[in-house]
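Below is upload18.txt, which holds compact mmCIF, C-alpha atoms and all ligand atoms.
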```
# COMPACT_ATOMS: atom_id res chain seq x y z
CA MET A 252 138.67 87.16 55.32
CA ALA A 253 138.37 87.10 59.10
CA SER A 254 135.95 84.60 60.56
CA THR A 255 132.70 86.13 61.88
CA LYS A 256 132.14 83.18 64.17
CA ALA A 257 131.65 84.33 67.78
CA VAL A 258 134.36 83.23 70.16
CA PRO A 259 132.79 81.82 73.34
CA VAL A 260 133.80 83.83 76.38
CA SER A 261 133.48 82.14 79.71
CA LEU A 262 132.15 84.50 82.38
CA PRO A 263 131.69 83.53 86.02
CA GLU A 264 128.08 82.47 86.65
CA ILE A 265 126.13 84.61 89.11
CA SER A 266 123.30 82.50 90.45
CA PHE A 267 120.15 84.56 90.73
CA LEU A 268 118.29 84.71 94.05
CA PRO A 269 114.65 85.09 92.98
CA TYR A 270 112.38 87.55 94.72
CA ASN A 271 110.14 84.65 95.71
CA ARG A 272 110.11 80.87 95.56
CA SER A 273 107.39 78.61 97.03
CA LEU A 274 108.34 75.97 99.56
CA ILE A 275 106.98 72.85 97.87
CA GLY A 276 107.90 69.49 99.36
CA GLU A 277 106.96 65.88 98.79
CA GLU A 278 103.83 66.46 100.95
CA GLU A 279 102.40 68.92 98.42
CA ILE A 280 103.41 66.75 95.46
CA ASP A 281 101.84 63.62 97.01
CA ALA A 282 98.65 65.48 97.90
CA VAL A 283 98.20 66.74 94.34
CA VAL A 284 99.04 63.34 92.83
CA GLN A 285 96.42 61.74 95.08
CA VAL A 286 93.78 64.08 93.66
CA LEU A 287 94.96 63.30 90.12
CA ARG A 288 94.63 59.58 90.84
CA SER A 289 91.19 60.03 92.43
CA GLY A 290 89.60 60.92 89.11
CA TRP A 291 87.89 64.05 90.55
CA LEU A 292 89.85 67.24 89.90
CA THR A 293 87.57 70.21 90.47
CA THR A 294 85.63 71.41 93.56
CA GLY A 295 84.84 68.47 95.81
CA ALA A 296 85.75 66.80 99.10
CA ARG A 297 89.30 68.22 99.26
CA THR A 298 87.99 71.76 98.83
CA ARG A 299 85.51 71.28 101.69
CA GLU A 300 88.31 69.82 103.82
CA PHE A 301 90.55 72.82 103.08
CA GLU A 302 87.75 75.24 103.97
CA ALA A 303 87.19 73.49 107.31
CA ALA A 304 90.91 73.34 108.16
CA PHE A 305 91.38 77.00 107.22
CA ALA A 306 88.35 78.03 109.33
CA ARG A 307 89.86 76.24 112.34
CA TYR A 308 93.25 77.85 111.70
CA VAL A 309 91.99 81.45 111.67
CA GLY A 310 89.15 80.81 114.13
CA ALA A 311 86.37 81.74 111.70
CA SER A 312 82.85 80.26 111.66
CA HIS A 313 82.42 80.14 107.86
CA THR A 314 84.88 79.96 104.99
CA VAL A 315 84.47 79.63 101.22
CA ALA A 316 87.41 78.68 99.00
CA LEU A 317 87.66 80.55 95.70
CA ASN A 318 90.02 80.82 92.75
CA SER A 319 91.61 84.12 93.90
CA CYS A 320 91.53 86.87 96.48
CA THR A 321 90.27 89.17 93.73
CA ALA A 322 87.22 86.89 93.40
CA ALA A 323 86.89 86.88 97.19
CA LEU A 324 86.89 90.70 97.35
CA HIS A 325 84.41 90.93 94.47
CA LEU A 326 81.96 88.46 96.02
CA ALA A 327 82.40 89.95 99.51
CA LEU A 328 81.28 93.33 98.16
CA ALA A 329 78.44 91.67 96.24
CA ALA A 330 77.34 89.78 99.37
CA ILE A 331 77.02 92.97 101.43
CA GLY A 332 74.88 94.43 98.65
CA ILE A 333 77.24 96.97 97.06
CA ARG A 334 75.67 98.52 93.99
CA GLU A 335 76.03 101.37 91.52
CA GLY A 336 76.80 104.73 93.11
CA ASP A 337 77.96 103.33 96.46
CA GLU A 338 81.31 104.48 97.82
CA ILE A 339 83.96 102.21 99.32
CA ILE A 340 86.92 103.67 101.20
CA LEU A 341 90.29 101.98 100.69
CA PRO A 342 93.99 102.90 100.84
CA THR A 343 95.74 104.21 97.76
CA MET A 344 98.70 102.07 98.86
CA THR A 345 97.46 98.74 97.53
CA PHE A 346 97.40 96.42 94.54
CA ALA A 347 95.09 96.78 91.53
CA ALA A 348 92.78 94.02 92.82
CA SER A 349 91.55 95.90 95.91
CA GLY A 350 90.20 98.74 93.78
CA GLU A 351 89.09 97.03 90.58
CA VAL A 352 86.45 94.91 92.31
CA ILE A 353 84.70 98.14 93.36
CA PHE A 354 84.45 99.17 89.69
CA TYR A 355 83.03 95.70 88.83
CA LEU A 356 79.92 96.60 90.85
CA GLY A 357 79.58 100.12 89.47
CA ALA A 358 80.61 101.57 92.84
CA ARG A 359 83.24 104.25 93.47
CA PRO A 360 86.62 103.70 95.12
CA VAL A 361 87.42 106.53 97.55
CA LEU A 362 91.15 106.56 98.30
CA VAL A 363 92.93 107.53 101.49
CA ASP A 364 96.58 108.14 102.32
CA CYS A 365 98.93 106.17 104.58
CA LEU A 366 99.71 107.22 108.14
CA PRO A 367 102.93 109.27 108.26
CA ASN A 368 105.99 107.00 108.31
CA SER A 369 103.86 103.91 107.67
CA PHE A 370 102.38 101.88 104.81
CA GLN A 371 99.05 101.43 106.66
CA LEU A 372 95.94 103.43 105.91
CA ASP A 373 95.16 106.41 108.13
CA PRO A 374 91.87 105.83 110.08
CA GLU A 375 91.44 109.56 110.66
CA GLN A 376 91.38 110.16 106.90
CA VAL A 377 88.93 107.27 106.51
CA GLU A 378 86.53 109.06 108.87
CA ARG A 379 86.90 112.33 106.97
CA LYS A 380 86.01 110.63 103.66
CA ILE A 381 82.71 109.15 104.91
CA THR A 382 79.65 110.53 103.07
CA ASN A 383 76.02 109.46 102.91
CA ARG A 384 76.98 107.20 99.97
CA THR A 385 79.72 105.32 101.85
CA ARG A 386 78.82 101.67 102.41
CA ALA A 387 82.05 99.98 103.41
CA ILE A 388 85.69 100.33 104.42
CA LEU A 389 88.18 98.06 102.68
CA PRO A 390 91.38 98.09 104.78
CA VAL A 391 94.49 96.33 103.46
CA HIS A 392 96.77 94.60 105.95
CA PHE A 393 99.80 95.80 104.07
CA ALA A 394 102.83 93.47 103.95
CA GLY A 395 101.24 91.23 106.60
CA ALA A 396 100.90 93.81 109.40
CA PRO A 397 97.30 94.44 110.45
CA CYS A 398 95.69 97.86 110.22
CA ASP A 399 94.31 99.43 113.39
CA LEU A 400 91.33 97.07 113.36
CA GLU A 401 89.81 98.20 116.66
CA ARG A 402 89.64 101.77 115.46
CA LEU A 403 88.35 100.87 111.98
CA CYS A 404 85.68 98.46 113.28
CA ASP A 405 84.55 101.05 115.82
CA LEU A 406 84.37 103.69 113.08
CA ALA A 407 82.36 101.33 110.88
CA LYS A 408 79.94 100.57 113.71
CA ARG A 409 79.35 104.25 114.46
CA HIS A 410 78.62 105.02 110.80
CA ASN A 411 76.77 101.77 110.01
CA LEU A 412 79.38 100.64 107.47
CA ARG A 413 80.62 97.15 106.65
CA VAL A 414 84.32 96.21 106.89
CA ILE A 415 85.72 94.00 104.10
CA GLU A 416 89.32 93.18 104.99
CA ASP A 417 91.86 92.67 102.23
CA ALA A 418 94.03 90.11 104.02
CA ALA A 419 95.89 89.00 100.87
CA HIS A 420 99.16 89.55 102.81
CA ALA A 421 97.92 88.61 106.26
CA LEU A 422 98.25 84.89 106.89
CA PRO A 423 98.96 84.36 109.70
CA THR A 424 98.64 87.79 111.30
CA ARG A 425 97.49 88.64 114.80
CA TYR A 426 96.05 91.89 116.08
CA LYS A 427 96.20 92.19 119.87
CA GLY A 428 96.63 88.43 120.10
CA ARG A 429 93.70 87.44 117.87
CA MET A 430 94.14 86.02 114.38
CA VAL A 431 93.04 88.19 111.44
CA GLY A 432 89.97 86.53 109.94
CA THR A 433 87.17 87.43 112.36
CA PHE A 434 87.38 91.21 112.88
CA GLY A 435 85.55 92.68 109.90
CA ASP A 436 82.33 91.46 108.27
CA ILE A 437 84.25 89.46 105.65
CA THR A 438 88.01 88.78 105.41
CA CYS A 439 89.59 87.90 102.06
CA PHE A 440 92.83 85.89 101.78
CA SER A 441 95.08 85.18 98.78
CA PHE A 442 96.91 81.98 97.89
CA TYR A 443 98.65 83.45 94.83
CA ALA A 444 102.08 82.00 94.00
CA THR A 445 104.09 84.52 96.07
CA LYS A 446 101.84 84.49 99.12
CA THR A 447 102.61 83.01 102.54
CA LEU A 448 100.43 79.98 101.72
CA THR A 449 100.04 79.12 98.06
CA THR A 450 97.74 77.05 95.92
CA GLY A 451 99.28 78.52 92.73
CA GLU A 452 96.23 80.74 92.40
CA GLY A 453 93.47 80.79 95.00
CA GLY A 454 91.63 82.69 97.69
CA MET A 455 89.34 82.30 100.68
CA VAL A 456 86.67 84.33 102.42
CA ALA A 457 86.16 84.03 106.16
CA THR A 458 83.08 85.41 107.89
CA GLU A 459 80.97 85.04 111.01
CA ASN A 460 77.81 85.64 108.98
CA PRO A 461 76.29 82.44 107.49
CA GLU A 462 74.19 84.40 104.99
CA TYR A 463 77.23 86.14 103.53
CA ALA A 464 78.97 82.77 103.25
CA GLU A 465 76.01 81.19 101.49
CA THR A 466 75.64 84.09 99.05
CA ILE A 467 79.35 83.96 98.23
CA ARG A 468 79.22 80.19 97.72
CA ARG A 469 76.24 80.51 95.39
CA LEU A 470 77.74 83.40 93.41
CA SER A 471 81.03 81.52 93.04
CA LEU A 472 79.29 78.80 91.02
CA HIS A 473 77.03 80.58 88.50
CA GLY A 474 74.41 81.62 91.07
CA ILE A 475 72.97 78.14 90.91
CA SER A 476 71.21 76.34 93.76
CA LYS A 477 72.98 74.90 96.77
CA ASP A 478 75.66 72.24 96.42
CA ALA A 479 75.76 72.48 92.63
CA TRP A 480 79.26 71.01 92.78
CA LYS A 481 77.76 67.71 94.00
CA ARG A 482 75.61 67.27 90.90
CA TYR A 483 77.90 64.64 89.36
CA SER A 484 78.23 62.57 92.54
CA ALA A 485 76.03 59.90 94.12
CA GLU A 486 74.87 62.40 96.79
CA GLY A 487 73.88 65.06 94.26
CA SER A 488 71.18 65.53 91.68
CA TRP A 489 71.41 66.69 88.07
CA ARG A 490 68.59 69.18 88.70
CA TYR A 491 69.48 72.78 89.57
CA ASP A 492 68.01 76.26 89.55
CA ILE A 493 69.79 79.40 88.43
CA LEU A 494 68.85 81.90 91.13
CA GLU A 495 70.84 84.96 90.04
CA VAL A 496 73.73 86.06 87.82
CA GLY A 497 76.79 84.30 89.19
CA TYR A 498 80.46 83.82 88.36
CA LYS A 499 82.90 80.93 87.89
CA TYR A 500 85.14 81.50 90.89
CA ASN A 501 85.30 78.05 92.55
CA MET A 502 88.50 76.47 93.84
CA THR A 503 89.54 73.06 92.47
CA ASP A 504 90.43 69.98 94.55
CA LEU A 505 93.91 70.13 93.00
CA GLN A 506 94.43 73.59 94.52
CA ALA A 507 92.79 72.58 97.82
CA ALA A 508 95.09 69.55 98.19
CA LEU A 509 98.07 71.87 97.77
CA GLY A 510 96.50 74.28 100.25
CA LEU A 511 95.99 71.58 102.89
CA ALA A 512 99.63 70.53 102.67
CA GLN A 513 100.76 74.18 102.86
CA LEU A 514 98.46 74.92 105.81
CA ALA A 515 100.12 72.13 107.78
CA LYS A 516 103.44 74.02 107.49
CA CYS A 517 102.05 77.56 107.75
CA ASP A 518 103.38 78.12 111.30
CA ALA A 519 106.82 76.70 110.45
CA MET A 520 107.02 78.90 107.34
CA LEU A 521 106.07 81.94 109.47
CA GLU A 522 108.82 81.07 111.95
CA ARG A 523 111.35 81.13 109.13
CA ARG A 524 110.12 84.48 107.79
CA VAL A 525 110.23 85.98 111.30
CA TYR A 526 113.83 84.77 111.57
CA ILE A 527 114.71 86.37 108.22
CA ALA A 528 112.98 89.65 109.18
CA ASN A 529 114.87 89.73 112.49
CA CYS A 530 118.18 89.15 110.68
CA TYR A 531 117.42 91.96 108.21
CA ASP A 532 116.34 94.30 111.05
CA ARG A 533 119.50 93.64 112.99
CA LEU A 534 121.88 93.94 110.05
CA LEU A 535 120.22 97.07 108.66
CA GLN A 536 121.00 98.97 111.86
CA SER A 537 124.52 99.55 110.57
CA PHE A 538 123.39 101.02 107.21
CA ASP A 539 123.04 104.73 106.32
CA GLY A 540 121.38 104.22 102.96
CA PHE A 541 118.61 101.80 103.95
CA THR A 542 116.18 101.73 106.85
CA THR A 543 113.02 99.91 107.87
CA LEU A 544 109.83 101.18 109.41
CA PRO A 545 108.95 100.28 113.00
CA VAL A 546 106.40 97.52 113.73
CA PRO A 547 103.79 98.29 116.43
CA PRO A 548 104.20 96.13 119.56
CA TYR A 549 100.59 94.83 119.66
CA ILE A 550 100.76 93.02 116.31
CA GLU A 551 102.16 89.76 115.00
CA HIS A 552 103.38 90.33 111.47
CA ALA A 553 103.00 87.67 108.74
CA TRP A 554 106.12 89.07 106.99
CA HIS A 555 104.69 88.49 103.53
CA LEU A 556 106.82 91.47 102.51
CA TYR A 557 110.00 92.92 103.94
CA ILE A 558 110.38 96.48 102.68
CA VAL A 559 113.50 98.60 103.03
CA GLN A 560 113.22 102.35 102.62
CA VAL A 561 115.97 103.99 100.62
CA ASN A 562 117.57 106.98 102.33
CA HIS A 563 118.21 109.05 99.21
CA GLU A 564 120.10 111.67 101.24
CA ALA A 565 122.90 109.16 101.91
CA LEU A 566 123.25 107.74 98.39
CA THR A 567 124.14 109.05 94.95
CA ILE A 568 121.69 106.76 93.10
CA ASN A 569 117.91 106.53 93.35
CA ARG A 570 115.59 103.62 94.20
CA ASP A 571 115.18 102.47 90.59
CA ARG A 572 118.96 102.37 90.05
CA ILE A 573 119.40 100.45 93.32
CA ILE A 574 116.97 97.80 92.06
CA GLU A 575 119.10 97.50 88.90
CA GLU A 576 122.29 97.28 90.97
CA LEU A 577 120.72 94.54 93.13
CA LYS A 578 119.74 92.68 89.98
CA ASN A 579 123.33 92.98 88.68
CA ARG A 580 124.43 91.37 91.95
CA GLY A 581 121.97 88.49 91.45
CA ILE A 582 119.24 89.66 93.84
CA GLY A 583 115.58 89.73 92.76
CA THR A 584 113.37 92.41 94.33
CA SER A 585 109.98 94.01 93.82
CA VAL A 586 108.14 97.24 94.69
CA HIS A 587 104.88 97.30 96.67
CA PHE A 588 102.98 99.24 95.43
CA ILE A 589 102.63 102.02 92.88
CA PRO A 590 99.80 103.84 94.72
CA LEU A 591 96.45 103.54 92.92
CA HIS A 592 96.05 107.31 92.46
CA LEU A 593 99.20 107.45 90.30
CA HIS A 594 97.67 105.11 87.68
CA PRO A 595 95.88 106.39 84.55
CA LEU A 596 92.65 104.51 85.44
CA TYR A 597 92.29 106.42 88.70
CA GLN A 598 93.39 109.74 87.24
CA ASN A 599 91.18 109.53 84.13
CA ARG A 600 88.07 108.05 85.75
CA LEU A 601 88.16 109.62 89.20
CA GLY A 602 90.33 112.72 88.78
CA TYR A 603 93.10 111.79 91.22
CA ARG A 604 96.46 113.47 90.69
CA GLU A 605 100.06 113.11 91.74
CA GLY A 606 100.47 115.00 95.02
CA ASP A 607 97.05 113.95 96.40
CA PHE A 608 98.51 111.45 98.89
CA PRO A 609 102.01 112.61 99.92
CA ASN A 610 102.65 109.93 102.55
CA ALA A 611 101.94 107.08 100.11
CA GLU A 612 104.05 108.77 97.42
CA GLU A 613 106.95 109.19 99.84
CA ARG A 614 106.77 105.53 100.93
CA PHE A 615 106.51 104.32 97.33
CA SER A 616 109.45 106.44 96.09
CA ARG A 617 111.74 104.87 98.68
CA ALA A 618 110.43 101.29 98.74
CA ILE A 619 112.23 98.09 97.79
CA SER A 620 110.79 94.70 98.76
CA LEU A 621 113.58 92.27 99.56
CA PRO A 622 113.31 88.49 99.20
CA ILE A 623 111.66 86.94 102.29
CA TYR A 624 110.34 83.39 102.05
CA ALA A 625 110.62 80.14 103.96
CA ALA A 626 112.73 78.49 101.24
CA MET A 627 115.59 81.01 101.80
CA SER A 628 118.81 79.70 103.33
CA GLY A 629 121.13 81.54 105.73
CA GLU A 630 123.47 82.06 102.79
CA ASP A 631 120.65 83.68 100.81
CA ILE A 632 120.03 86.13 103.67
CA SER A 633 123.73 87.05 103.73
CA ARG A 634 123.79 87.50 99.96
CA VAL A 635 120.96 90.05 100.14
CA MET A 636 122.65 92.05 102.92
CA ASP A 637 126.09 91.81 101.28
CA ALA A 638 124.65 93.17 98.03
CA LEU A 639 123.04 96.10 99.87
CA ALA A 640 126.29 96.77 101.76
CA ASP A 641 128.22 96.69 98.49
CA ILE A 642 125.83 99.18 96.88
CA GLU A 643 125.94 101.45 99.93
CA HIS A 644 129.74 101.39 99.83
CA GLU A 645 129.96 102.07 96.09
CA PHE A 646 127.32 104.81 95.95
CA HIS A 647 127.70 106.53 99.32
CA ARG A 648 127.67 110.34 99.14
C1 LIG B 701 96.80 93.69 98.62
C2 LIG B 701 96.33 92.67 97.62
N1 LIG B 701 95.02 92.44 97.49
C3 LIG B 701 94.54 91.53 96.62
C4 LIG B 701 95.39 90.79 95.83
C5 LIG B 701 94.81 89.83 94.84
O1 LIG B 701 95.11 88.51 95.13
P1 LIG B 701 94.88 87.37 94.05
O2 LIG B 701 96.06 87.38 93.12
O3 LIG B 701 94.77 86.11 94.84
O4 LIG B 701 93.61 87.69 93.34
C6 LIG B 701 96.77 90.98 95.94
C7 LIG B 701 97.68 90.19 95.10
O5 LIG B 701 98.86 90.32 95.08
C8 LIG B 701 97.25 91.94 96.85
O6 LIG B 701 98.57 92.17 96.98
```

I'd like the structure from this file rewritten - as structure tokens, please.
Ligand SMILES: Cc1ncc(COP(=O)(O)O)c(C=O)c1O
Amino acid sequence: MASTKAVPVSLPEISFLPYNRSLIGEEEIDAVVQVLRSGWLTTGARTREFEAAFARYVGASHTVALNSCTAALHLALAAIGIREGDEIILPTMTFAASGEVIFYLGARPVLVDCLPNSFQLDPEQVERKITNRTRAILPVHFAGAPCDLERLCDLAKRHNLRVIEDAAHALPTRYKGRMVGTFGDITCFSFYATKTLTTGEGGMVATENPEYAETIRRLSLHGISKDAWKRYSAEGSWRYDILEVGYKYNMTDLQAALGLAQLAKCDAMLERRVYIANCYDRLLQSFDGFTTLPVPPYIEHAWHLYIVQVNHEALTINRDRIIEELKNRGIGTSVHFIPLHLHPLYQNRLGYREGDFPNAEERFSRAISLPIYAAMSGEDISRVMDALADIEHEFHR
């Protein structure tokens, strides 16, 4: 009888270039180890230090560190007094988090389309969606490029609305020379693992309004009285008052230590991403099957995402197949985002349908996010472009 034992076949190894990898050096490791050795792991002195350093970096008067940008968006809406029945206008082209926080408060997300040939929300459509129930605009600085903040803030002022910026992608981003973080009423940042500054999970609100900051701080720790986090230290007291229903959204000193070390290299990491984006831009000029969208001259892009648009007219395979082909060539990618109105939650609860936002659907159907992160080498950049060139060659019409 023939043996059923499998014969090992040796295939050449293709090393996989992940879609994202954090740049973690000895500085981050030492900073976290120091916190571990200190005996105090949760919110404390390191968190306050991170808040102060971040405030200086973006030029904001008040910052509160939290455990995610989702928490930041939730508490920002709570701080401006959003309640049941209120309407918040936001782009359909965003992640689940931007919309779900509106549901948390019993309010209604009102979606708008992208500008033509852009991933950014269309301010004209925002204006058209304003009703007497609208309370706020929630713009998303998609991919790390700011929305038209002047226009949106002016619109908000004229209609007495608040602006809560979803800046999950926008660190560091400049609009007309000024850092994102002080334009709207409250700006919310993300330090999720793939973001341009990471604490593993984490977020931050920045605001010029001390009352908003204090409300957010209180709500982030069970709605209990000021400086509750100090209650185990010599400066604090065991006594506290529960003032309102709060949440458990505080950042830990372990995360803050990581954040401080990352903040120190934030500009250098941006420089690297700008270099990668410039390389991609330049190399893509010779492609038929892939293009990029133009960047307005008055912005400085954080390059959290680099998105190529598939030119389906030039290729025999679609976006989804191209992602598979890139994977087969060892390149990790992602897609940002499946527009909110295409998801069952938004269709079943709010009645949105496919076809409602044609610009967002067009962008989504062609989008592939390529790897772009400070830890990428020159060889990694070439591998991405070589893989695209190979696919274009093999599947050209
Ligand atoms: C546009 C946008 N907003 C909000 C978030 C939520 O961030 P976090 O994971 O820190 O809650 C994300 C996360 O990817 C995002 O892409």

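Relative to CA of Gly428 (chain A), CA of Ala348 (chain A) is found at 28.1 Å.
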
Check your understanding: Which value, in Å to one decimal, gives the distance between CA of Ala329 (chain A) and CA of Ser471 (chain A)?
Key ->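 One can read the CA of Ala329 (chain A) to CA of Ser471 (chain A) distance as 11.0 Å.
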
Exercise for review: Collect all residues with atoms no farther than 6 Å from ligand LIG 701 (chain B), counting all atoms listed in the file, and output them as a PyMOL selection string.
Suggested key: chain A and resi 319-321+345-346+348-349+391+417+419+441-443+453-454

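Separating CA of Phe305 (chain A) from CA of Leu511 (chain A) is a distance of 8.3 Å.
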
Review point. Could you pull the residues within 8 Å of Asn501 (chain A), counting only C-alpha atoms, minus those fewer than 2 positions along the same chain, as a VMD selection string?
Key: chain A and resid 294 316 to 318 471 to 472 499 503

Review point. Which one is closest to Leu593 (chain A): A:Ala396, A:Ile623, A:Cys404, A:Met344? Count all atoms listed in the file.
Key: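 Checking each candidate against Leu593 (chain A), we get A:Met344 as the closest.
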
Check your understanding: Which residue out of A:Gly540, A:Gly510, A:Gly581, A:Pro609 has the minimum interatomic distance to Thr450 (chain A) when only C-alpha atoms are used?
Key ->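 Answer, going by the shortest atom-to-atom distance: A:Gly510.
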
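Taking all atoms listed in the file, the non-local environment of Ile568 (chain A) within 12 Å (same-chain residues fewer than 2 positions away omitted) comprises Gly540, Val561, Asn562, His563, Glu564, Ala565, Leu566, Arg570, Asp571, Arg572, Ile573, Ile574, Glu575, Glu576, Arg617, Ile642, Glu643, His644, Glu645, Phe646, His647 and Arg648 of chain A.
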
What would region 552-560 of chain A look like with all heavy atoms in place, written as a PDB file, in the coordinates of the input?
```pdb
ATOM      1  N   HIS A 552     103.229  90.064 112.896  1.00  0.00           N
ATOM      2  CA  HIS A 552     103.380  90.330 111.470  1.00  0.00           C
ATOM      3  C   HIS A 552     103.514  89.006 110.710  1.00  0.00           C
ATOM      4  O   HIS A 552     104.229  88.115 111.155  1.00  0.00           O
ATOM      5  CB  HIS A 552     104.693  91.135 111.343  1.00  0.00           C
ATOM      6  CG  HIS A 552     104.822  91.979 110.132  1.00  0.00           C
ATOM      7  ND1 HIS A 552     104.653  91.493 108.868  1.00  0.00           N
ATOM      8  CD2 HIS A 552     105.127  93.303 109.997  1.00  0.00           C
ATOM      9  CE1 HIS A 552     104.851  92.479 108.003  1.00  0.00           C
ATOM     10  NE2 HIS A 552     105.141  93.590 108.666  1.00  0.00           N
ATOM     11  N   ALA A 553     102.860  88.895 109.549  1.00  0.00           N
ATOM     12  CA  ALA A 553     103.000  87.670 108.740  1.00  0.00           C
ATOM     13  C   ALA A 553     104.298  87.694 107.919  1.00  0.00           C
ATOM     14  O   ALA A 553     104.700  86.665 107.382  1.00  0.00           O
ATOM     15  CB  ALA A 553     101.818  87.520 107.797  1.00  0.00           C
ATOM     16  N   TRP A 554     104.909  88.894 107.812  1.00  0.00           N
ATOM     17  CA  TRP A 554     106.120  89.070 106.990  1.00  0.00           C
ATOM     18  C   TRP A 554     105.965  88.479 105.593  1.00  0.00           C
ATOM     19  O   TRP A 554     106.822  87.776 105.108  1.00  0.00           O
ATOM     20  CB  TRP A 554     107.362  88.492 107.695  1.00  0.00           C
ATOM     21  CG  TRP A 554     107.720  89.280 108.905  1.00  0.00           C
ATOM     22  CD1 TRP A 554     107.667  88.857 110.205  1.00  0.00           C
ATOM     23  CD2 TRP A 554     108.161  90.641 108.955  1.00  0.00           C
ATOM     24  NE1 TRP A 554     108.033  89.881 111.060  1.00  0.00           N
ATOM     25  CE2 TRP A 554     108.344  90.991 110.309  1.00  0.00           C
ATOM     26  CE3 TRP A 554     108.417  91.615 107.979  1.00  0.00           C
ATOM     27  CZ2 TRP A 554     108.761  92.257 110.718  1.00  0.00           C
ATOM     28  CZ3 TRP A 554     108.838  92.884 108.378  1.00  0.00           C
ATOM     29  CH2 TRP A 554     109.004  93.186 109.741  1.00  0.00           C
ATOM     30  N   HIS A 555     104.822  88.824 104.957  1.00  0.00           N
ATOM     31  CA  HIS A 555     104.690  88.490 103.530  1.00  0.00           C
ATOM     32  C   HIS A 555     105.699  89.326 102.737  1.00  0.00           C
ATOM     33  O   HIS A 555     106.293  88.837 101.773  1.00  0.00           O
ATOM     34  CB  HIS A 555     103.266  88.747 103.063  1.00  0.00           C
ATOM     35  CG  HIS A 555     103.126  88.782 101.573  1.00  0.00           C
ATOM     36  ND1 HIS A 555     103.588  87.766 100.767  1.00  0.00           N
ATOM     37  CD2 HIS A 555     102.615  89.726 100.730  1.00  0.00           C
ATOM     38  CE1 HIS A 555     103.349  88.071  99.499  1.00  0.00           C
ATOM     39  NE2 HIS A 555     102.775  89.249  99.451  1.00  0.00           N
ATOM     40  N   LEU A 556     105.842  90.595 103.159  1.00  0.00           N
ATOM     41  CA  LEU A 556     106.820  91.470 102.510  1.00  0.00           C
ATOM     42  C   LEU A 556     107.788  92.001 103.544  1.00  0.00           C
ATOM     43  O   LEU A 556     107.389  92.275 104.680  1.00  0.00           O
ATOM     44  CB  LEU A 556     106.137  92.683 101.856  1.00  0.00           C
ATOM     45  CG  LEU A 556     104.971  92.448 100.906  1.00  0.00           C
ATOM     46  CD1 LEU A 556     104.398  93.792 100.455  1.00  0.00           C
ATOM     47  CD2 LEU A 556     105.416  91.641  99.679  1.00  0.00           C
ATOM     48  N   TYR A 557     109.041  92.180 103.130  1.00  0.00           N
ATOM     49  CA  TYR A 557     110.000  92.920 103.940  1.00  0.00           C
ATOM     50  C   TYR A 557     110.462  94.094 103.081  1.00  0.00           C
ATOM     51  O   TYR A 557     111.118  93.893 102.042  1.00  0.00           O
ATOM     52  CB  TYR A 557     111.194  92.054 104.359  1.00  0.00           C
ATOM     53  CG  TYR A 557     112.074  92.784 105.353  1.00  0.00           C
ATOM     54  CD1 TYR A 557     111.931  92.557 106.719  1.00  0.00           C
ATOM     55  CD2 TYR A 557     112.993  93.742 104.932  1.00  0.00           C
ATOM     56  CE1 TYR A 557     112.704  93.255 107.637  1.00  0.00           C
ATOM     57  CE2 TYR A 557     113.764  94.444 105.850  1.00  0.00           C
ATOM     58  CZ  TYR A 557     113.617  94.191 107.195  1.00  0.00           C
ATOM     59  OH  TYR A 557     114.365  94.888 108.118  1.00  0.00           O
ATOM     60  N   ILE A 558     110.098  95.302 103.512  1.00  0.00           N
ATOM     61  CA  ILE A 558     110.380  96.480 102.680  1.00  0.00           C
ATOM     62  C   ILE A 558     111.470  97.331 103.325  1.00  0.00           C
ATOM     63  O   ILE A 558     111.342  97.698 104.493  1.00  0.00           O
ATOM     64  CB  ILE A 558     109.098  97.317 102.490  1.00  0.00           C
ATOM     65  CG1 ILE A 558     108.032  96.428 101.817  1.00  0.00           C
ATOM     66  CG2 ILE A 558     109.376  98.568 101.663  1.00  0.00           C
ATOM     67  CD1 ILE A 558     106.730  97.116 101.533  1.00  0.00           C
ATOM     68  N   VAL A 559     112.527  97.614 102.551  1.00  0.00           N
ATOM     69  CA  VAL A 559     113.500  98.600 103.030  1.00  0.00           C
ATOM     70  C   VAL A 559     113.142  99.934 102.389  1.00  0.00           C
ATOM     71  O   VAL A 559     112.627  99.987 101.271  1.00  0.00           O
ATOM     72  CB  VAL A 559     114.979  98.271 102.693  1.00  0.00           C
ATOM     73  CG1 VAL A 559     115.510  97.176 103.565  1.00  0.00           C
ATOM     74  CG2 VAL A 559     115.193  98.007 101.231  1.00  0.00           C
ATOM     75  N   GLN A 560     113.425 101.002 103.128  1.00  0.00           N
ATOM     76  CA  GLN A 560     113.220 102.350 102.620  1.00  0.00           C
ATOM     77  C   GLN A 560     114.596 102.924 102.287  1.00  0.00           C
ATOM     78  O   GLN A 560     115.519 102.870 103.130  1.00  0.00           O
ATOM     79  CB  GLN A 560     112.545 103.194 103.700  1.00  0.00           C
ATOM     80  CG  GLN A 560     111.110 102.784 103.968  1.00  0.00           C
ATOM     81  CD  GLN A 560     110.147 103.431 102.977  1.00  0.00           C
ATOM     82  OE1 GLN A 560     109.848 104.609 103.078  1.00  0.00           O
ATOM     83  NE2 GLN A 560     109.680 102.657 102.007  1.00  0.00           N
TER      84      GLN A 560
END
```
